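Down below is the structure, laid out as structure tokens.
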Amino acid sequence: MLAARLTPIFAAAFAVLYLLAEQLNIALVTYHPRIREWGWLTEAPRNGPSMYWYGWLATAFVGACLVCLISLPYTARRMVPTWIGWGVPLATMLAFVFLLRAFFFR
Amino acid sequence: MIVFLLILHGLCSVALLGAVTHQALSVWWPSRKARGLVTSFRAVHGAKFTNGIILLFLATFILGGVIYPPYRLAVRTYLESARLWTVNGSFELKEQFVAISLGMLPFYWHVWRQPLDEALAGARRATVALLCFAVWFGFLTGHVVNNVRGIF
């Protein structure tokens with residue numbers, strides 16, 4: 001069944017790609033809240049702060065869809081381990097706790 | 001309008017909190033008999049909450065995304081200038097936890113789909129625990145941030 005094959009891969013890929021997008025600041029779109037304008041890819045701030053969170057989500061979503069598409073032939077031959085669907089997101093959450101620790105130890 | 005959306009975001013998150021906690025306790029601390037308040041809370045059919053949890057998560061997430069720009073302009077700048085690093089960092093963590101949970105939703109839907117697959121019992125426990133943690137963390141952080149400085 002397609003959902004059994006692809007959903008654990010999507011969850012794992014989304015988490016890893018989101019972490020990479022956030023750390024490397026790879027955003028598909030940028031929002032400039034003060035002037036209420038959108039821009040493509042990662043843009044420098046324009047007249048106020050810029051927001052990349054929507055762009056990171058879009059990067060992770062598109063990337064995870066591509067990973068699922070690429071892994072489709074592989075999953076037809078081999079069983080995808082179910083634990084990656086929750087284990088990788090859990091590891092990513094822990095990685096964020098580590099990466100953002102500076103906020104809590106100032 | 002933003003205040004209305006913020007309140008709606010909070011109300012959706014309360015409903016989500018209740019649903020996901022029901023489901024988490026039904027698998028981590030199950031009860032067969034619904035005698036008192038606590039046992040009744042645990043003695044629910046967890047799988048029946050799945051679609052509701054997904055819909056509430058999406059609604060709360062979208063509303064949070066809509067009210068995020070006013071937060072970025074008015075609240076975060078205040079948190080930075082007031083050097084409230086723990087509050088600011090907690091919101092940063094919330095942002096990342098809910099994003100990762102969003103990506104996990106299709107897998108969560110798959111493992112909780114009825115009829116329940118016994119082979120996926122462990123995945124069900126793990127996914128609902130992660131989702132429950134992210135929702136509780138997000139709710140408490142949002143509540144504290146709103147107490148420090150609300151959107152206006």
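Chain labels follow the order of the structure tokens: the first chain is A, the next B, and so on; residue numbering restarts at 1 in every chain, and ligands are counted from 1 in their shown order.
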Could you give me, as a tab-separated table, a per-residue list for chain B showing, wherever an atom lies at most 10 Å from an atom of chain A, the closest pair of atoms and their distance in Å to one decimal, using only C-alpha atoms and sorting by chain then residue number from low to high?
```
residue	atom	partner	partner_atom	distance
B:Gly65	CA	A:Tyr54	CA	8.1
B:Tyr68	CA	A:Met51	CA	9.3
B:Pro69	CA	A:Pro33	CA	5.6
B:Pro70	CA	A:Pro33	CA	7.7
B:Tyr71	CA	A:Pro33	CA	9.9
B:Arg72	CA	A:Pro33	CA	7.9
B:Leu73	CA	A:Pro33	CA	7.3
B:Thr77	CA	A:Pro49	CA	9.4
B:Arg83	CA	A:Arg106	CA	9.8
B:Leu84	CA	A:Phe103	CA	9.0
B:Trp85	CA	A:Phe103	CA	5.2
B:Thr86	CA	A:Phe104	CA	5.2
B:Val87	CA	A:Phe103	CA	8.5
B:Asn88	CA	A:Phe103	CA	7.4
B:Gly89	CA	A:Phe103	CA	5.1
B:Ser90	CA	A:Phe103	CA	8.2
B:Glu92	CA	A:Leu100	CA	7.9
B:Leu93	CA	A:Val97	CA	7.0
B:Glu95	CA	A:Trp53	CA	8.3
B:Gln96	CA	A:Phe96	CA	7.4
B:Phe97	CA	A:Met93	CA	6.2
B:Val98	CA	A:Met93	CA	9.8
B:Ala99	CA	A:Leu57	CA	7.1
B:Ile100	CA	A:Ala15	CA	5.4
B:Ser101	CA	A:Pro89	CA	7.7
B:Leu102	CA	A:Ala11	CA	8.7
B:Gly103	CA	A:Ala11	CA	5.2
B:Met104	CA	A:Ala11	CA	4.6
B:Leu105	CA	A:Ala11	CA	7.7
B:Pro106	CA	A:Thr7	CA	5.8
B:Phe107	CA	A:Thr7	CA	4.6
B:Tyr108	CA	A:Thr7	CA	8.4
B:Trp109	CA	A:Thr7	CA	8.9
B:His110	CA	A:Ala3	CA	6.6
B:Val111	CA	A:Ala4	CA	8.4
B:Ala119	CA	A:Thr82	CA	9.7
B:Leu120	CA	A:Thr82	CA	7.9
B:Gly122	CA	A:Trp83	CA	8.6
B:Ala123	CA	A:Trp83	CA	6.7
B:Arg124	CA	A:Trp86	CA	9.3
B:Arg125	CA	A:Trp86	CA	9.9
B:Ala126	CA	A:Trp86	CA	6.5
B:Thr127	CA	A:Trp86	CA	5.9
B:Val128	CA	A:Trp86	CA	9.6
B:Ala129	CA	A:Trp86	CA	9.8
B:Leu130	CA	A:Leu90	CA	7.2
B:Leu131	CA	A:Trp86	CA	10.0
B:Ala134	CA	A:Met93	CA	9.5
```
Within 10 Å of Gly10 of chain B using only C-alpha atoms, minus same-chain residues under 3 positions, as a ChimeraX atom specification: /B:4-7,13-16,60,63-64,139,142-143
Can you write just those residues out, N, CA and C atoms, as a CSV table (one decimal), in the first residue's frame?
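Writing the result to selection_31.csv gives the following:
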```csv
chain,number,residue,atom,x,y,z
B,4,PHE,N,-9.1,38.7,17.4
B,4,PHE,CA,-10.1,37.7,17.2
B,4,PHE,C,-9.4,36.4,16.7
B,5,LEU,N,-8.5,36.5,15.8
B,5,LEU,CA,-7.8,35.3,15.3
B,5,LEU,C,-6.9,34.7,16.3
B,6,LEU,N,-6.3,35.5,17.2
B,6,LEU,CA,-5.5,35.0,18.3
B,6,LEU,C,-6.3,34.2,19.3
B,7,ILE,N,-7.5,34.7,19.6
B,7,ILE,CA,-8.4,34.0,20.5
B,7,ILE,C,-8.9,32.7,19.8
B,13,SER,N,-6.5,25.5,19.9
B,13,SER,CA,-5.5,24.8,20.6
B,13,SER,C,-5.9,24.1,21.8
B,14,VAL,N,-6.9,24.7,22.5
B,14,VAL,CA,-7.5,24.0,23.7
B,14,VAL,C,-8.2,22.7,23.3
B,15,ALA,N,-9.0,22.8,22.3
B,15,ALA,CA,-9.7,21.6,21.8
B,15,ALA,C,-8.7,20.5,21.4
B,16,LEU,N,-7.7,21.0,20.7
B,16,LEU,CA,-6.6,20.0,20.2
B,16,LEU,C,-5.9,19.4,21.4
B,60,THR,N,-5.3,25.1,13.8
B,60,THR,CA,-4.5,25.8,14.8
B,60,THR,C,-3.2,26.3,14.1
B,63,LEU,N,-4.0,29.2,11.6
B,63,LEU,CA,-4.3,30.4,12.4
B,63,LEU,C,-3.0,31.0,13.0
B,64,GLY,N,-2.2,30.1,13.5
B,64,GLY,CA,-0.9,30.5,14.0
B,64,GLY,C,0.0,31.2,12.9
B,139,PHE,N,1.3,25.1,23.3
B,139,PHE,CA,0.2,25.8,24.0
B,139,PHE,C,0.7,26.6,25.2
B,142,GLY,N,2.9,29.5,24.0
B,142,GLY,CA,2.1,30.6,23.4
B,142,GLY,C,1.4,31.4,24.5
B,143,HIS,N,0.9,30.6,25.5
B,143,HIS,CA,0.2,31.3,26.7
B,143,HIS,C,1.2,32.2,27.4
```
